[in-house]
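J.: If you scroll down you'll find the structure; I have some questions about it.
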Amino acid sequence: MEFDPKEHQHLRYNPLRDEWVLVSAHRMGRPWRGQLEGTGEDPVPRHDPANPLCPGSRRANGQVNEDYMNTYVFDNDFPALQPDAPDPGPNDHPLFKTAVARGMCKVMCFHPWSDITLPLMEVAEIRAVIDRWTEIMSELGQTYQWVQIFENKGAMMGCSNPHPHCQVWASSFLPKEAQTEDKTQLDYFQAHGVPMLLQYGEMESQKQERVVVENEHWLMIIPFWATWPFQTLLLPRRHVLRLTDLTSHERDSLAVIMKTLLTKYDNLFETSFPYSMGWHGAPMAENLCKDCSHWQLHAHYYPPLLRSAMVRKFMVGYEMLAQPQRDLTPEQAAERLRNLPEKHYKL
Ligand code: H2U
Ligand code: ZN
């Protein structure tokens, strides 16, 4: 029998996380009688004084937001990381290890309106978000070695507030994903003499079959090893270590490619497409003066939806207890996204 990735289950290796994923595309046709998600498309008022993320609103800690016009950043009133936590002290047993955790958490509003999302914002407004990301990265990166910028979009992904925003958690330590990617990229660089994701982007750009959208400076692909059905990886075409290293042109074309991808995402199931996304780049603080050539800046988008606005992929059972598994092939997912219009279905 001849191997067909759409018909025959197989394993694919994720070199960034050093793990395997089981691809079993023939399962897409199975019946679904499980949970249906709400679309979460209840109308949101453009301005609601009771919404703590709106301009002029009073937040949980009593502070009043500025009457901001584009982006707005404030310290999270419920931070998971604070700058001054005490050290839990020496560990006397390898089975009961602890370590000190220090950091800061911020919230960044993308726009003064609650009823808008990134794909519906103007390119110049998205560019303002990118500029603000870069500023925060540079500020917090003076003190903290990992600055995690992430956006939870949609109630399905745990977004707690219907207003376009992201969070920034900066930490004194390298979190798990960062540690793994640091190691895998370093190992690859030492073995092959080229940054893993730089070479990977070049090869995907040649192959084209997993490319969703690309422009002069950026490439958006469904990775060969993607686990979430419509997961994408956003890569610069040149070797860039950190968000703070992007040129003005690169930030402009980043705004354009983000708008295109996010519009396609919304158009896929004609819904405001939920996801968690975040940026990964070379560590900051004491690492700024070290050689981090093995790193390549990138962003991950992890959307939970599988078949429609109401049917999501559950990473449970086998995924929790054995290893990740996906239903349609990355090539099929890329083709579907690639063929969608670049004009938003709501416009
Ligand atoms: P999420 O939607 O991703 O949960 O982000 C919203 C964040 O806003 C959340 O971390 C913070 C929450 O702690 N927040 C405040 O800091 N002050 C408030 O008054 C409301 C929400
Ligand atoms: Zn990453």
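Following the order of the structure tokens, first chain is A, next is B, and so on, with residues numbered from 1 inside each chain and ligands from 1 in the order they appear.
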With 8 Å as the cut-off and only C-alpha atoms and all ligand atoms counted, what is the closest atom pair between each nearby residue of chain A and ligand 1? Distances in Å to one decimal, ordered by chain and number, as a Markdown table.

T.:
| residue | atom | partner | partner_atom_place_in_ligand_line | distance |
| --- | --- | --- | --- | --- |
| A:Asn51 | CA | ligand 1 | 20 (C) | 8.0 |
| A:Pro52 | CA | ligand 1 | 19 (O) | 4.8 |
| A:Leu53 | CA | ligand 1 | 20 (C) | 6.7 |
| A:Arg58 | CA | ligand 1 | 19 (O) | 7.2 |
| A:Arg59 | CA | ligand 1 | 19 (O) | 3.7 |
| A:Ala60 | CA | ligand 1 | 19 (O) | 3.7 |
| A:Asn61 | CA | ligand 1 | 19 (O) | 6.5 |
| A:Phe74 | CA | ligand 1 | 16 (O) | 7.5 |
| A:Asp75 | CA | ligand 1 | 16 (O) | 6.5 |
| A:Asn76 | CA | ligand 1 | 16 (O) | 3.6 |
| A:Asp77 | CA | ligand 1 | 16 (O) | 3.7 |
| A:Phe78 | CA | ligand 1 | 13 (O) | 4.5 |
| A:Pro79 | CA | ligand 1 | 13 (O) | 6.4 |
| A:Lys106 | CA | ligand 1 | 16 (O) | 7.5 |
| A:Val107 | CA | ligand 1 | 8 (O) | 5.8 |
| A:Glu151 | CA | ligand 1 | 3 (O) | 6.3 |
| A:Asn152 | CA | ligand 1 | 3 (O) | 5.0 |
| A:Lys153 | CA | ligand 1 | 3 (O) | 7.5 |
| A:Gly158 | CA | ligand 1 | 4 (O) | 6.2 |
| A:Cys159 | CA | ligand 1 | 2 (O) | 3.6 |
| A:Ser160 | CA | ligand 1 | 2 (O) | 3.7 |
| A:Asn161 | CA | ligand 1 | 2 (O) | 4.9 |
| A:Pro162 | CA | ligand 1 | 2 (O) | 7.7 |
| A:His165 | CA | ligand 1 | 5 (O) | 7.0 |
| A:Cys166 | CA | ligand 1 | 3 (O) | 6.1 |
| A:Gln167 | CA | ligand 1 | 5 (O) | 6.0 |

J.: For the residues in the current selection, export N, CA and C atoms as a tab-separated table (two decimals), in the first residue's frame.

T.:
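The resulting file, again_30.tsv, is reproduced below:
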chain	number	residue	atom	x	y	z
A	51	ASN	N	-17.07	48.25	32.36
A	51	ASN	CA	-16.00	47.35	31.89
A	51	ASN	C	-14.64	47.93	32.30
A	52	PRO	N	-13.89	47.21	33.16
A	52	PRO	CA	-12.65	47.79	33.71
A	52	PRO	C	-11.54	48.03	32.68
A	53	LEU	N	-11.73	47.55	31.44
A	53	LEU	CA	-10.68	47.78	30.43
A	53	LEU	C	-10.98	48.99	29.55
A	58	ARG	N	-13.20	52.67	36.14
A	58	ARG	CA	-12.52	52.40	37.40
A	58	ARG	C	-12.24	50.90	37.47
A	59	ARG	N	-11.01	50.53	37.78
A	59	ARG	CA	-10.64	49.11	37.84
A	59	ARG	C	-10.82	48.55	39.24
A	60	ALA	N	-10.58	47.23	39.35
A	60	ALA	CA	-10.77	46.51	40.61
A	60	ALA	C	-10.01	47.15	41.78
A	61	ASN	N	-8.84	47.71	41.51
A	61	ASN	CA	-8.04	48.27	42.61
A	61	ASN	C	-8.36	49.74	42.87
A	74	PHE	N	-1.49	48.89	31.77
A	74	PHE	CA	-1.53	49.11	33.23
A	74	PHE	C	-1.05	47.84	33.95
A	75	ASP	N	-0.65	48.00	35.21
A	75	ASP	CA	-0.22	46.84	36.00
A	75	ASP	C	-1.45	45.99	36.32
A	76	ASN	N	-1.33	44.66	36.10
A	76	ASN	CA	-2.44	43.76	36.41
A	76	ASN	C	-2.79	43.88	37.90
A	77	ASP	N	-4.07	44.06	38.19
A	77	ASP	CA	-4.49	44.21	39.59
A	77	ASP	C	-4.50	42.88	40.33
A	78	PHE	N	-4.36	41.79	39.58
A	78	PHE	CA	-4.33	40.45	40.20
A	78	PHE	C	-3.11	39.71	39.69
A	79	PRO	N	-1.91	40.22	39.94
A	79	PRO	CA	-0.72	39.65	39.28
A	79	PRO	C	-0.32	38.28	39.82
A	106	LYS	N	1.43	42.74	33.44
A	106	LYS	CA	0.75	43.93	32.90
A	106	LYS	C	-0.38	43.51	31.99
A	107	VAL	N	-1.30	44.43	31.79
A	107	VAL	CA	-2.40	44.24	30.85
A	107	VAL	C	-2.26	45.34	29.82
A	151	GLU	N	-1.90	36.75	24.11
A	151	GLU	CA	-3.29	37.19	23.98
A	151	GLU	C	-4.19	35.96	24.07
A	152	ASN	N	-5.16	35.99	24.98
A	152	ASN	CA	-6.22	34.99	25.00
A	152	ASN	C	-7.40	35.64	24.31
A	153	LYS	N	-7.80	35.13	23.15
A	153	LYS	CA	-8.93	35.75	22.45
A	153	LYS	C	-10.13	34.82	22.53
A	158	GLY	N	-10.40	31.45	27.60
A	158	GLY	CA	-10.21	31.99	28.94
A	158	GLY	C	-10.09	33.50	28.98
A	159	CYS	N	-10.42	34.16	27.86
A	159	CYS	CA	-10.40	35.62	27.88
A	159	CYS	C	-11.51	36.07	28.82
A	160	SER	N	-11.14	36.93	29.79
A	160	SER	CA	-12.10	37.23	30.85
A	160	SER	C	-12.87	38.51	30.57
A	161	ASN	N	-12.59	39.16	29.46
A	161	ASN	CA	-13.18	40.47	29.25
A	161	ASN	C	-13.34	40.77	27.76
A	162	PRO	N	-14.55	41.19	27.34
A	162	PRO	CA	-14.77	41.41	25.90
A	162	PRO	C	-14.23	42.76	25.45
A	165	HIS	N	-7.43	42.98	24.10
A	165	HIS	CA	-6.29	43.19	25.01
A	165	HIS	C	-5.39	41.97	25.04
A	166	CYS	N	-4.20	42.16	25.58
A	166	CYS	CA	-3.31	41.02	25.83
A	166	CYS	C	-2.71	41.19	27.22
A	167	GLN	N	-1.93	40.21	27.60
A	167	GLN	CA	-1.25	40.29	28.90
A	167	GLN	C	0.25	40.17	28.69

J.: Pull the alpha helix (DSSP H) assignments for range 1-146 of chain A out of DSSP run on the backbone, and list those residues as a ChimeraX atom specification.

T.: /A:123-140

J.: Throw together the list of residues within 7 Å of ligand 2, counting only C-alpha atoms and all ligand atoms, and drop it here as a PyMOL selection string.

T.: chain A and resi 181+280+298-300

J.: Atoms to include: N, CA and C atoms. Write the selected residues as an mmCIF file, in the first residue's frame.

T.:
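Written file, part.cif:
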data_model
loop_
_atom_site.group_PDB
_atom_site.id
_atom_site.type_symbol
_atom_site.label_atom_id
_atom_site.label_comp_id
_atom_site.auth_asym_id
_atom_site.auth_seq_id
_atom_site.Cartn_x
_atom_site.Cartn_y
_atom_site.Cartn_z
ATOM 1 N N GLU A 181 12.611 25.393 24.279
ATOM 2 C CA GLU A 181 12.986 25.962 22.975
ATOM 3 C C GLU A 181 14.437 26.446 22.979
ATOM 4 N N HIS A 280 7.734 34.427 21.215
ATOM 5 C CA HIS A 280 8.933 33.800 21.777
ATOM 6 C C HIS A 280 10.159 34.375 21.076
ATOM 7 N N HIS A 298 9.715 34.303 16.972
ATOM 8 C CA HIS A 298 8.522 33.755 16.334
ATOM 9 C C HIS A 298 7.312 33.960 17.226
ATOM 10 N N ALA A 299 6.128 33.837 16.626
ATOM 11 C CA ALA A 299 4.887 33.845 17.410
ATOM 12 C C ALA A 299 4.130 32.563 17.104
ATOM 13 N N HIS A 300 3.475 32.031 18.140
ATOM 14 C CA HIS A 300 2.610 30.860 17.983
ATOM 15 C C HIS A 300 1.159 31.317 18.097
#

J.: Per residue of range 167-270 of chain A within 12 Å of range 28-46 of chain A, record the nearest atom pair and its distance in Å to one decimal, counting only C-alpha atoms, with rows in chain order and ascending residue number, as CSV.

T.:
residue,atom,partner,partner_atom,distance
A:Pro229,CA,A:Met28,CA,10.7
A:Asp266,CA,A:Thr39,CA,11.9
A:Phe269,CA,A:Thr39,CA,10.2
A:Glu270,CA,A:Thr39,CA,9.9

J.: Go ahead and save the picked residues with C-alpha atoms, as an mmCIF file, in the first residue's frame.

T.:
data_model
loop_
_atom_site.group_PDB
_atom_site.id
_atom_site.type_symbol
_atom_site.label_atom_id
_atom_site.label_comp_id
_atom_site.auth_asym_id
_atom_site.auth_seq_id
_atom_site.Cartn_x
_atom_site.Cartn_y
_atom_site.Cartn_z
ATOM 1 C CA PRO A 229 -5.987 21.876 13.971
ATOM 2 C CA ASP A 266 -12.414 34.766 11.310
ATOM 3 C CA PHE A 269 -16.028 29.536 10.421
ATOM 4 C CA GLU A 270 -17.500 33.056 10.122
#

J.: Give me the residues near Phe273 in chain A as a ChimeraX atom specification, where near means some atom within 12 Å (using only C-alpha atoms) and where sequence neighbours in that chain fewer than 3 positions away do not count.

T.: /A:39-41,117-119,152-157,230-231,261-270,276-277,301-306,308-310,312,344

J.: Save out the residues we just selected, C-alpha atoms, as a CSV table (one decimal), in the first residue's frame.

T.:
chain,number,residue,atom,x,y,z
A,39,THR,CA,-20.3,31.3,19.5
A,40,GLY,CA,-19.9,34.0,22.1
A,41,GLU,CA,-21.1,36.5,19.5
A,117,THR,CA,-10.8,42.9,17.4
A,118,LEU,CA,-7.4,42.9,15.8
A,119,PRO,CA,-8.5,41.7,12.3
A,152,ASN,CA,-6.2,35.0,25.0
A,153,LYS,CA,-8.9,35.7,22.5
A,154,GLY,CA,-12.5,34.6,23.0
A,155,ALA,CA,-14.2,33.2,26.1
A,156,MET,CA,-13.3,29.7,24.9
A,157,MET,CA,-9.6,30.5,25.5
A,230,PHE,CA,-5.3,25.4,12.7
A,231,GLN,CA,-2.2,26.2,14.7
A,261,LEU,CA,-4.1,35.8,9.0
A,262,LEU,CA,-6.6,36.9,11.6
A,263,THR,CA,-9.1,37.8,8.9
A,264,LYS,CA,-8.7,34.4,7.4
A,265,TYR,CA,-9.1,32.9,10.8
A,266,ASP,CA,-12.4,34.8,11.3
A,267,ASN,CA,-13.6,33.8,7.8
A,268,LEU,CA,-12.9,30.1,8.3
A,269,PHE,CA,-16.0,29.5,10.4
A,270,GLU,CA,-17.5,33.1,10.1
A,276,SER,CA,-4.1,31.9,22.5
A,277,MET,CA,-1.1,33.5,20.9
A,301,TYR,CA,-1.1,31.0,17.4
A,302,TYR,CA,-3.1,28.1,19.1
A,303,PRO,CA,-6.8,28.1,18.1
A,304,PRO,CA,-9.0,25.5,19.7
A,305,LEU,CA,-11.6,25.1,16.9
A,306,LEU,CA,-11.8,22.0,14.8
A,308,SER,CA,-17.0,24.8,13.1
A,309,ALA,CA,-17.6,27.7,15.4
A,310,MET,CA,-19.2,25.3,17.8
A,312,ARG,CA,-13.6,22.4,19.3
A,344,HIS,CA,-13.3,40.1,6.5

J.: Using only C-alpha atoms for the distances, tell me which of A:Arg210, A:Pro83, A:Gly56, A:Gln296 is nearest to Val194 in chain A.

T.: A:Gln296

J.: Expressed in Å to a single decimal, how great is the separation between CA of Val240 in chain A and CA of His111 in chain A?

T.: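 CA of His111 in chain A lies 27.5 Å from CA of Val240 in chain A.
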
J.: Write out as an NGL selection string all residues of range 43-200 of chain A that DSSP puts in strand (DSSP E) for this structure's backbone.

T.: :A and (72-75 or 103-109 or 146-153 or 165-171)
